[in-house]
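Right, one structure below, let's go through it.
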There are 4 protein chains.
Amino acid sequence: MSDKRIKVIEVATRLFSEKGFDNTSISAIGKEAGVSKALVFHHFQNKDNLLIEVFKQSTNVISEYSKNNKTTSVDQLMELLNTFFDRLKVEKEYFQFSINICIQQSTRDLLHDLIAERSAGIQKYIQQLFDALGIENSLAKSYMLIAELDGIAINYIFAFTHYPFEEIRQEMIGKYQLLIQNTKTK
Amino acid sequence: MSDKRIKVIEVATRLFSEKGFDNTSISAIGKEAGVSKALVFHHFQNKDNLLIEVFKQSTNVISEYSKNNKTTSVDQLMELLNTFFDRLKVEKEYFQFSINICIQQSTRDLLHDLIAERSAGIQKYIQQLFDALGIENSLAKSYMLIAELDGIAINYIFAFTHYPFEEIRQEMIGKYQLLIQNTKTK
Amino acid sequence: MSDKRIKVIEVATRLFSEKGFDNTSISAIGKEAGVSKALVFHHFQNKDNLLIEVFKQSTNVISEYSKNNKTTSVDQLMELLNTFFDRLKVEKEYFQFSINICIQQSTRDLLHDLIAERSAGIQKYIQQLFDALGIENSLAKSYMLIAELDGIAINYIFAFTHYPFEEIRQEMIGKYQLLIQNTKTK
Amino acid sequence: MSDKRIKVIEVATRLFSEKGFDNTSISAIGKEAGVSKALVFHHFQNKDNLLIEVFKQSTNVISEYSKNNKTTSVDQLMELLNTFFDRLKVEKEYFQFSINICIQQSTRDLLHDLIAERSAGIQKYIQQLFDALGIENSLAKSYMLIAELDGIAINYIFAFTHYPFEEIRQEMIGKYQLLIQNTKTK
DNA sequence: GATGAATGAGGTTTCATTCAT
DNA sequence: GATGAATGAAACCTCATTCAT
């Protein structure tokens, strides 16, 4: 892939994350990427397509989790949580992009299938983890975990004041360790 | 307040919720409200001001919770949860509006103080409830509850497939009842 | 004339002078005058008419000069010059208004007859003075004096740096005293 | 420079001269230049910038005078006067543009530095001429000459009736020839 | 006399997109 | 691959003006 094409995707990812899709003009992307507006269209046909390309390029969190399937289910769950918190701290931008995209209708419609697929994948993966751990009510619990992670991400990213990041991390990890223990002892 | 002014706020609230602030044109608001673009400016000076007015008009959830302070802390917490789920089902629009506003930067900046105040109010209210119930780690736990509610709201509102609404509600209520019980017995 | 009507004319005069006719909105005039937009229209029908009223109200310089026709022609000329410089210093606004009105086409067209009449009046008055003093070439000389005064007014009002006001005044008075003397001795 | 870009500057110069900056819409410029509104913005970013470009393009009168520095000071002064009158007759538009720009506040503010520089340049050039000719009071006299030229330009351009152009020219030339002679004989 | 509500026309500007080169 | 020129549509906003009260 050409250098400039890559640069455009990079810049687009950042700007879409920072300002949202609709508030980012092709012109602005071109300027920051050091290429002409026209070249962006040359490579991506139109703005919608650029978004799709950016989305596809964006690393899929879950796909990385799933790779570690050599370890036990307990380890996998703990790693999922820890990876989430680690990445949240470092890659705020990626999370912001994901949230923005899901919430703005124009982008939602555009990426509907891709997002749905990714969401379903995550949910299924978590539910299977819970099932493997013998946790009851795995469906609701998987949705709950996702809700918790999403909520934490949003609250952390958009916090007006200091967010008790580490305390929340401990809460979450403690809570799920307890859940696993309580399940085992039954 | 004049009829048309109210109508404009109504329409604006809906459109801002559905399409977001930046994707809603004054022109569109005027058209749906059956008034001229110019009248919107006559009443609200500019688009930013209209948003502020819409935000101020939007019922404050927590302010309603807080009114029921005659009851016990346990009842208050349970009522908070139930009211949340009841309203989420019926007033999707209000939640969508709130989320959109918090997440889009342009609107965040604009409503910064108002949102910060409201957020802080909710967090403090919940923390006090937890303190009254003798729950440990009330700070982190209050942030956790907020994250859970936000996460649920987002996942429910933007769900691609059926969302297990009632199961989640039961999960949440069960979880917090358990928390209260475990605390008491200590 | 009603209080508010007078206030509107006052404010309009000032704003037209400061910002020009086209850049002054009726709304702005109303706001500064403490009345509603609608009242301005009630009193003056439309913006053009308000301008005409403002123009008519604006004191006519020459009409005041002409009153002092008891004195000699020499005294009249000297008084004209001195009055001009005195007023220029104090009533910058009036001069600015006059210049603005003459130069902007929209206002020129509107006030065409009134301005033409006033201009012709001044020119004729000066030419008669020169004739009475036996000055040759009174027509050209009268136009020259007007050009000088207009030029001085503009350069003084719109000067970017300090304008040598008093030196210019002395130059002018000296020059015309000399002209009168040279004429007499012939 | 592209054809259309030049055409836009040409049209803008004319319309700004005729109707003033604020009364000339980009839309009107585009229409007369046979291009779209958007193209004007493509080339000049915004209206203010277009004005600056038009100003920079506008030939600087004095810069042409100054070139003839091979001749004597007397010749230079006479040439300055003659060139002024010659150009005034032919290039009314340029003078009108200059006057409009200096007098309207919005444009004054915008071009402040450029105008101030040009004005100062002219004044200094004339003062040096007077100094070279041994004329007393060169500062005030230079300001006077400028005032005369400005006044004549305005009165000529905005005259309601026939303006005695040639008579004024003779007056001016005669006056300054006399001034030079009187200085020499001293 | 005085006002607030209401509007149509028009202004500057942004933007996604196309096209010739 | 890469660009500058070019555009139509639509955004926010202002303004003179009218009308009912």
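By convention here, the chains of the structure tokens are called A, B, ... in the order presented, each chain's residues are numbered starting at 1, and ligands are numbered starting at 1 in the order presented.
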Would you give me, as JSON lines, each residue of region 38-152 of chain D having an atom within 12 Å of an atom of region 3-10 of chain F, along with its shortest atom pair and that distance in Å to one decimal, using only C-alpha atoms (C1' of nucleotides) and sorting by chain and residue number?
```
{"residue": "D:Ala38", "atom": "CA", "partner": "F:DT7", "partner_atom": "C1'", "distance": 6.9}
{"residue": "D:Leu39", "atom": "CA", "partner": "F:DA6", "partner_atom": "C1'", "distance": 6.3}
{"residue": "D:Val40", "atom": "CA", "partner": "F:DA6", "partner_atom": "C1'", "distance": 10.0}
{"residue": "D:Phe41", "atom": "CA", "partner": "F:DA6", "partner_atom": "C1'", "distance": 11.0}
{"residue": "D:His42", "atom": "CA", "partner": "F:DA5", "partner_atom": "C1'", "distance": 8.5}
{"residue": "D:His43", "atom": "CA", "partner": "F:DA5", "partner_atom": "C1'", "distance": 9.2}
```
Show me, as a PyMOL selection string, the residues of chain E whose atoms get within 9 Å of chain B, using only C-alpha atoms (C1' of nucleotides) for the distance check.
chain E and resi 5-7
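CA of Asp48 (chain C) is positioned 13.8 Å from C1' of DC15 (chain F).
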Skipping near chain neighbours, those fewer than 2 positions away, what residues fall within 12 Å of Ile6 (chain C) using only C-alpha atoms (C1' of nucleotides), listed as a ChimeraX atom specification?
/C:1-4,8-13,33-35,40,43-44,50,53-54,57
Within 10 Å of chain F, which residues of chain C are there when counting only C-alpha atoms (C1' of nucleotides)? Please give them as a PDB file with N, CA, C and O atoms, in the first residue's frame.
```pdb
ATOM      1  N   THR C  24     -25.087  49.579   9.710  1.00  0.00           N
ATOM      2  CA  THR C  24     -25.856  49.818  10.929  1.00  0.00           C
ATOM      3  C   THR C  24     -27.242  49.229  10.758  1.00  0.00           C
ATOM      4  O   THR C  24     -27.975  49.616   9.854  1.00  0.00           O
ATOM      5  N   SER C  25     -27.606  48.294  11.600  1.00  0.00           N
ATOM      6  CA  SER C  25     -28.931  47.690  11.472  1.00  0.00           C
ATOM      7  C   SER C  25     -29.940  48.424  12.344  1.00  0.00           C
ATOM      8  O   SER C  25     -29.596  48.975  13.381  1.00  0.00           O
ATOM      9  N   ILE C  26     -31.155  48.407  11.901  1.00  0.00           N
ATOM     10  CA  ILE C  26     -32.237  49.002  12.676  1.00  0.00           C
ATOM     11  C   ILE C  26     -32.275  48.360  14.061  1.00  0.00           C
ATOM     12  O   ILE C  26     -32.499  49.012  15.068  1.00  0.00           O
ATOM     13  N   SER C  27     -32.015  47.100  14.066  1.00  0.00           N
ATOM     14  CA  SER C  27     -32.015  46.372  15.321  1.00  0.00           C
ATOM     15  C   SER C  27     -30.992  46.981  16.293  1.00  0.00           C
ATOM     16  O   SER C  27     -31.283  47.203  17.466  1.00  0.00           O
ATOM     17  N   ALA C  38     -39.468  47.642  16.159  1.00  0.00           N
ATOM     18  CA  ALA C  38     -40.747  48.014  15.558  1.00  0.00           C
ATOM     19  C   ALA C  38     -41.060  49.492  15.744  1.00  0.00           C
ATOM     20  O   ALA C  38     -41.667  50.125  14.873  1.00  0.00           O
ATOM     21  N   PHE C  41     -39.533  51.617  13.113  1.00  0.00           N
ATOM     22  CA  PHE C  41     -40.319  51.605  11.876  1.00  0.00           C
ATOM     23  C   PHE C  41     -41.612  52.409  12.037  1.00  0.00           C
ATOM     24  O   PHE C  41     -42.074  53.053  11.105  1.00  0.00           O
ATOM     25  N   GLN C  45     -41.035  54.747   9.205  1.00  0.00           N
ATOM     26  CA  GLN C  45     -41.513  53.953   8.056  1.00  0.00           C
ATOM     27  C   GLN C  45     -40.470  52.939   7.550  1.00  0.00           C
ATOM     28  O   GLN C  45     -40.747  51.761   7.486  1.00  0.00           O
ATOM     29  N   ASN C  46     -39.280  53.432   7.178  1.00  0.00           N
ATOM     30  CA  ASN C  46     -38.247  52.509   6.739  1.00  0.00           C
ATOM     31  C   ASN C  46     -36.861  53.111   6.960  1.00  0.00           C
ATOM     32  O   ASN C  46     -36.735  54.276   7.354  1.00  0.00           O
ATOM     33  N   LYS C  47     -35.852  52.312   6.673  1.00  0.00           N
ATOM     34  CA  LYS C  47     -34.485  52.723   7.016  1.00  0.00           C
ATOM     35  C   LYS C  47     -34.044  53.938   6.201  1.00  0.00           C
ATOM     36  O   LYS C  47     -33.405  54.849   6.727  1.00  0.00           O
TER      37      LYS C  47
END
```
Residues of chain B no more than 8 Å from chain A, counting only C-alpha atoms: send them over as a PyMOL selection string.
chain B and resi 18-20+22-23+100+102-105+116+140-141+143-144+146-152+154-155+158+160+164+167-168+171
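For the atom pair formed by CA of Glu32 (chain C) and CA of Leu15 (chain C), the distance is 9.4 Å, given to one decimal.
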Could you give me, as a VMD selection string, the residues within 9 Å of Ser98 (chain A), counting only C-alpha atoms (C1' of nucleotides) and dropping anything in the same chain fewer than 5 positions from it?
chain A and resid 17 55 93 103
Taking the DSSP assignment computed from this structure's backbone, write out as a VMD selection string all residues of region 125-168 of chain B that belong to helix (DSSP H, G or I).
chain B and resid 125 to 132 138 to 157 165 to 168
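Of note, CA of Ala132 (chain B) and CA of Leu80 (chain B) are spaced 14.9 Å apart.
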